[in-house]
Amino acid sequence: MGKLVVQMQVSIDSYVARSRDEDFSWILPTLDSDYERWGVPAMWAAGFQVMGAETGKGLAEHWPTSTGPYAPAMNEVPKVVFSRSLESLDWQNTSIAKGDLAEEIAKLKAETDKEVLVHCGVRFVHSLIRLGLPEEYHIVTHPVAIGSGLPFFPEMAEPRFFDLVETRPFKGGAVLHVYRPRR
């Protein structure tokens, strides 16, 4: 059975983006070949990539014609876009999930022994976190403060605790932190 992994890029002040429409150019100066040697295999390690509708639409505009190092994995690994309104998305290996979020995630986990990977879409991630679904977090912290924006975690009534499983610094200054929720 697979596990649900949330992999997100955050600023050193814990923001995912400055706004919903933000391009993520603030991340680019710290991405390097060292990060790529980890990031590309991490994408291939997924049994499914999952995302919300807005993210799915945006990525479907970019990745089919991209020739970058992440493009083969982004296009070939099966993708599931969660949406109540979309009927289809013109992006190879993409399906639409319309059912209950927790039930659909459970089905995907049962279909693979690989990771069910969420790597973008902070509103979608917030929905998963509120339901307590992520089993592991791969948080890549970039050495840049953006001052304001969309926080990685949603507001919560109670603190949540995590165990640090791994850290990995990259030459460009970003650092991967792998956490598992304490159950």
# chains A, B, ... in the order shown; residues from 1 in each chain; ligands from 1

call {"tool": "residues_around", "arguments": {"residues": "region 150-166 of chain A", "least_positions_apart": "2", "cutoff": "8 Å", "atoms": "only C-alpha atoms", "output": "PyMOL selection string"}}
result
chain A and resi 10+14-20+122+126+129-130+148+168+176-182

call {"tool": "residues_around", "arguments": {"residues": "region 4-9 of chain A", "least_positions_apart": "2", "cutoff": "7 Å", "atoms": "only C-alpha atoms", "output": "list in words"}}
result
Gly2, Val16, Glu115, Val116, Leu117, Val118, His119, Cys120, Pro134, Glu135, Glu136, Tyr137, His138, Ile139, Val140 and Thr141 of chain A

call {"tool": "residues_around", "arguments": {"residues": "region 89-100 of chain A", "least_positions_apart": "6", "cutoff": "9 Å", "atoms": "only C-alpha atoms", "output": "PyMOL selection string"}}
result
chain A and resi 53+56-57+59-61+63-64+75-83

call {"tool": "write_last_selection", "arguments": {"atoms": "N, CA and C atoms", "output": "mmCIF file, in the first residue's frame"}}
result
data_model
loop_
_atom_site.group_PDB
_atom_site.id
_atom_site.type_symbol
_atom_site.label_atom_id
_atom_site.label_comp_id
_atom_site.auth_asym_id
_atom_site.auth_seq_id
_atom_site.Cartn_x
_atom_site.Cartn_y
_atom_site.Cartn_z
ATOM 1 N N ALA A 53 -7.806 21.114 -8.864
ATOM 2 C CA ALA A 53 -8.174 21.492 -10.226
ATOM 3 C C ALA A 53 -7.359 22.667 -10.768
ATOM 4 N N GLY A 56 -3.884 21.565 -11.457
ATOM 5 C CA GLY A 56 -3.902 20.655 -12.596
ATOM 6 C C GLY A 56 -4.014 21.389 -13.915
ATOM 7 N N LYS A 57 -4.911 22.364 -13.976
ATOM 8 C CA LYS A 57 -5.076 23.139 -15.218
ATOM 9 C C LYS A 57 -3.796 23.895 -15.561
ATOM 10 N N LEU A 59 -0.645 23.221 -14.608
ATOM 11 C CA LEU A 59 0.443 22.319 -14.979
ATOM 12 C C LEU A 59 0.197 21.684 -16.345
ATOM 13 N N ALA A 60 -1.066 21.438 -16.679
ATOM 14 C CA ALA A 60 -1.399 20.851 -17.981
ATOM 15 C C ALA A 60 -1.073 21.800 -19.131
ATOM 16 N N GLU A 61 -0.996 23.081 -18.840
ATOM 17 C CA GLU A 61 -0.604 24.057 -19.873
ATOM 18 C C GLU A 61 0.900 24.067 -20.089
ATOM 19 N N TRP A 63 3.534 21.429 -18.814
ATOM 20 C CA TRP A 63 4.378 20.244 -18.910
ATOM 21 C C TRP A 63 4.311 19.473 -20.224
ATOM 22 N N PRO A 64 3.196 19.383 -20.908
ATOM 23 C CA PRO A 64 3.197 18.583 -22.143
ATOM 24 C C PRO A 64 4.198 19.048 -23.197
ATOM 25 N N ASN A 75 4.950 14.121 -17.073
ATOM 26 C CA ASN A 75 4.007 13.695 -18.105
ATOM 27 C C ASN A 75 3.667 12.209 -18.033
ATOM 28 N N GLU A 76 4.608 11.378 -17.614
ATOM 29 C CA GLU A 76 4.398 9.932 -17.672
ATOM 30 C C GLU A 76 3.823 9.323 -16.388
ATOM 31 N N VAL A 77 4.159 9.862 -15.221
ATOM 32 C CA VAL A 77 3.611 9.329 -13.979
ATOM 33 C C VAL A 77 2.113 9.654 -13.956
ATOM 34 N N PRO A 78 1.260 8.684 -13.626
ATOM 35 C CA PRO A 78 -0.184 8.947 -13.592
ATOM 36 C C PRO A 78 -0.526 10.092 -12.639
ATOM 37 N N LYS A 79 -1.457 10.925 -13.106
ATOM 38 C CA LYS A 79 -1.893 12.083 -12.327
ATOM 39 C C LYS A 79 -3.388 11.975 -12.057
ATOM 40 N N VAL A 80 -3.787 12.377 -10.847
ATOM 41 C CA VAL A 80 -5.196 12.427 -10.489
ATOM 42 C C VAL A 80 -5.484 13.848 -10.024
ATOM 43 N N VAL A 81 -6.417 14.496 -10.708
ATOM 44 C CA VAL A 81 -6.806 15.866 -10.391
ATOM 45 C C VAL A 81 -8.159 15.811 -9.686
ATOM 46 N N PHE A 82 -8.228 16.416 -8.513
ATOM 47 C CA PHE A 82 -9.466 16.430 -7.739
ATOM 48 C C PHE A 82 -10.279 17.659 -8.116
ATOM 49 N N SER A 83 -11.487 17.409 -8.624
ATOM 50 C CA SER A 83 -12.345 18.500 -9.048
ATOM 51 C C SER A 83 -13.786 18.022 -9.123
#

call {"tool": "atom_distance", "arguments": {"atom1": "CA of Met1 (chain A)", "atom2": "CA of Met74 (chain A)"}}
result
21.9 Å

call {"tool": "atom_distance", "arguments": {"atom1": "CA of Gly173 (chain A)", "atom2": "CA of Ala42 (chain A)"}}
result
18.7 Å

call {"tool": "atom_distance", "arguments": {"atom1": "CA of Pro41 (chain A)", "atom2": "CA of Pro69 (chain A)"}}
result
10.4 Å

call {"tool": "closest_residue", "arguments": {"among": "A:Thr65, A:Val125, A:Ile105, A:His142", "to": "Ser25 (chain A)", "atoms": "only C-alpha atoms"}}
result
A:His142

call {"tool": "decode", "arguments": {"residues": "region 153-166 of chain A", "atoms": "all heavy atoms", "output": "short mmCIF file (atom, residue, chain, number, x, y, z; two decimals), in the first residue's frame"}}
result
data_model
loop_
_atom_site.label_atom_id
_atom_site.label_comp_id
_atom_site.auth_asym_id
_atom_site.auth_seq_id
_atom_site.Cartn_x
_atom_site.Cartn_y
_atom_site.Cartn_z
N PHE A 153 1.11 25.58 6.28
CA PHE A 153 0.06 24.94 7.05
C PHE A 153 -1.14 25.86 7.21
O PHE A 153 -0.99 27.07 7.36
CB PHE A 153 0.57 24.55 8.45
CG PHE A 153 1.38 23.28 8.45
CD1 PHE A 153 2.76 23.33 8.32
CD2 PHE A 153 0.76 22.05 8.56
CE1 PHE A 153 3.50 22.16 8.31
CE2 PHE A 153 1.51 20.87 8.55
CZ PHE A 153 2.87 20.93 8.42
N PRO A 154 -2.36 25.28 7.21
CA PRO A 154 -3.55 26.09 7.47
C PRO A 154 -3.64 26.40 8.96
O PRO A 154 -2.90 25.83 9.77
CB PRO A 154 -4.69 25.15 7.05
CG PRO A 154 -4.16 23.78 7.35
CD PRO A 154 -2.68 23.86 7.02
N GLU A 155 -4.56 27.30 9.32
CA GLU A 155 -4.80 27.54 10.73
C GLU A 155 -5.32 26.26 11.36
O GLU A 155 -6.09 25.52 10.75
CB GLU A 155 -5.82 28.66 10.91
CG GLU A 155 -5.28 30.02 10.56
CD GLU A 155 -6.25 31.14 10.88
OE1 GLU A 155 -7.11 30.96 11.79
OE2 GLU A 155 -6.15 32.18 10.24
N MET A 156 -4.85 25.98 12.59
CA MET A 156 -5.25 24.76 13.28
C MET A 156 -5.65 25.10 14.71
O MET A 156 -5.06 25.99 15.31
CB MET A 156 -4.09 23.75 13.28
CG MET A 156 -3.71 23.28 11.90
SD MET A 156 -2.32 22.13 11.89
CE MET A 156 -0.95 23.23 12.17
N ALA A 157 -6.62 24.37 15.24
CA ALA A 157 -7.09 24.60 16.61
C ALA A 157 -6.06 24.15 17.64
O ALA A 157 -5.95 24.73 18.71
CB ALA A 157 -8.41 23.88 16.83
N GLU A 158 -5.30 23.11 17.30
CA GLU A 158 -4.33 22.55 18.22
C GLU A 158 -2.99 22.35 17.50
O GLU A 158 -2.97 22.10 16.30
CB GLU A 158 -4.80 21.18 18.72
CG GLU A 158 -6.09 21.22 19.52
CD GLU A 158 -5.91 21.88 20.88
OE1 GLU A 158 -4.82 21.74 21.47
OE2 GLU A 158 -6.86 22.54 21.34
N PRO A 159 -1.88 22.43 18.23
CA PRO A 159 -0.59 22.13 17.60
C PRO A 159 -0.54 20.68 17.13
O PRO A 159 -1.18 19.81 17.72
CB PRO A 159 0.42 22.35 18.73
CG PRO A 159 -0.28 23.15 19.76
CD PRO A 159 -1.73 22.82 19.63
N ARG A 160 0.21 20.44 16.08
CA ARG A 160 0.47 19.08 15.61
C ARG A 160 1.97 18.85 15.71
O ARG A 160 2.76 19.73 15.38
CB ARG A 160 0.01 18.91 14.17
CG ARG A 160 -1.49 19.02 14.05
CD ARG A 160 -1.97 18.62 12.70
NE ARG A 160 -3.40 18.90 12.59
CZ ARG A 160 -4.09 18.67 11.50
NH1 ARG A 160 -3.51 18.16 10.44
NH2 ARG A 160 -5.37 18.95 11.46
N PHE A 161 2.36 17.66 16.09
CA PHE A 161 3.76 17.35 16.28
C PHE A 161 4.23 16.35 15.24
O PHE A 161 3.47 15.51 14.77
CB PHE A 161 3.99 16.81 17.70
CG PHE A 161 3.71 17.84 18.75
CD1 PHE A 161 2.44 17.96 19.30
CD2 PHE A 161 4.70 18.72 19.15
CE1 PHE A 161 2.17 18.93 20.25
CE2 PHE A 161 4.45 19.70 20.09
CZ PHE A 161 3.17 19.79 20.64
N PHE A 162 5.52 16.44 14.90
CA PHE A 162 6.11 15.63 13.84
C PHE A 162 7.45 15.09 14.30
O PHE A 162 8.13 15.70 15.12
CB PHE A 162 6.31 16.48 12.58
CG PHE A 162 5.03 17.08 12.07
CD1 PHE A 162 4.56 18.28 12.57
CD2 PHE A 162 4.29 16.43 11.09
CE1 PHE A 162 3.37 18.83 12.11
CE2 PHE A 162 3.11 16.97 10.63
CZ PHE A 162 2.65 18.18 11.14
N ASP A 163 7.83 13.97 13.72
CA ASP A 163 9.16 13.42 13.94
C ASP A 163 10.01 13.68 12.71
O ASP A 163 9.57 13.42 11.58
CB ASP A 163 9.08 11.90 14.19
CG ASP A 163 8.40 11.58 15.50
OD1 ASP A 163 8.68 12.26 16.50
OD2 ASP A 163 7.56 10.65 15.52
N LEU A 164 11.21 14.19 12.93
CA LEU A 164 12.15 14.43 11.84
C LEU A 164 12.76 13.09 11.43
O LEU A 164 13.33 12.39 12.27
CB LEU A 164 13.24 15.41 12.27
CG LEU A 164 14.30 15.75 11.23
CD1 LEU A 164 13.68 16.44 10.02
CD2 LEU A 164 15.38 16.62 11.85
N VAL A 165 12.65 12.75 10.16
CA VAL A 165 13.13 11.47 9.65
C VAL A 165 14.45 11.64 8.91
O VAL A 165 15.32 10.77 8.96
CB VAL A 165 12.07 10.83 8.72
CG1 VAL A 165 12.56 9.54 8.11
CG2 VAL A 165 10.77 10.62 9.47
N GLU A 166 14.59 12.77 8.22
CA GLU A 166 15.78 12.97 7.38
C GLU A 166 15.96 14.46 7.11
O GLU A 166 14.98 15.20 7.05
CB GLU A 166 15.56 12.23 6.05
CG GLU A 166 16.65 12.42 5.02
CD GLU A 166 16.30 11.80 3.66
OE1 GLU A 166 15.30 11.08 3.54
OE2 GLU A 166 17.05 12.06 2.71
#
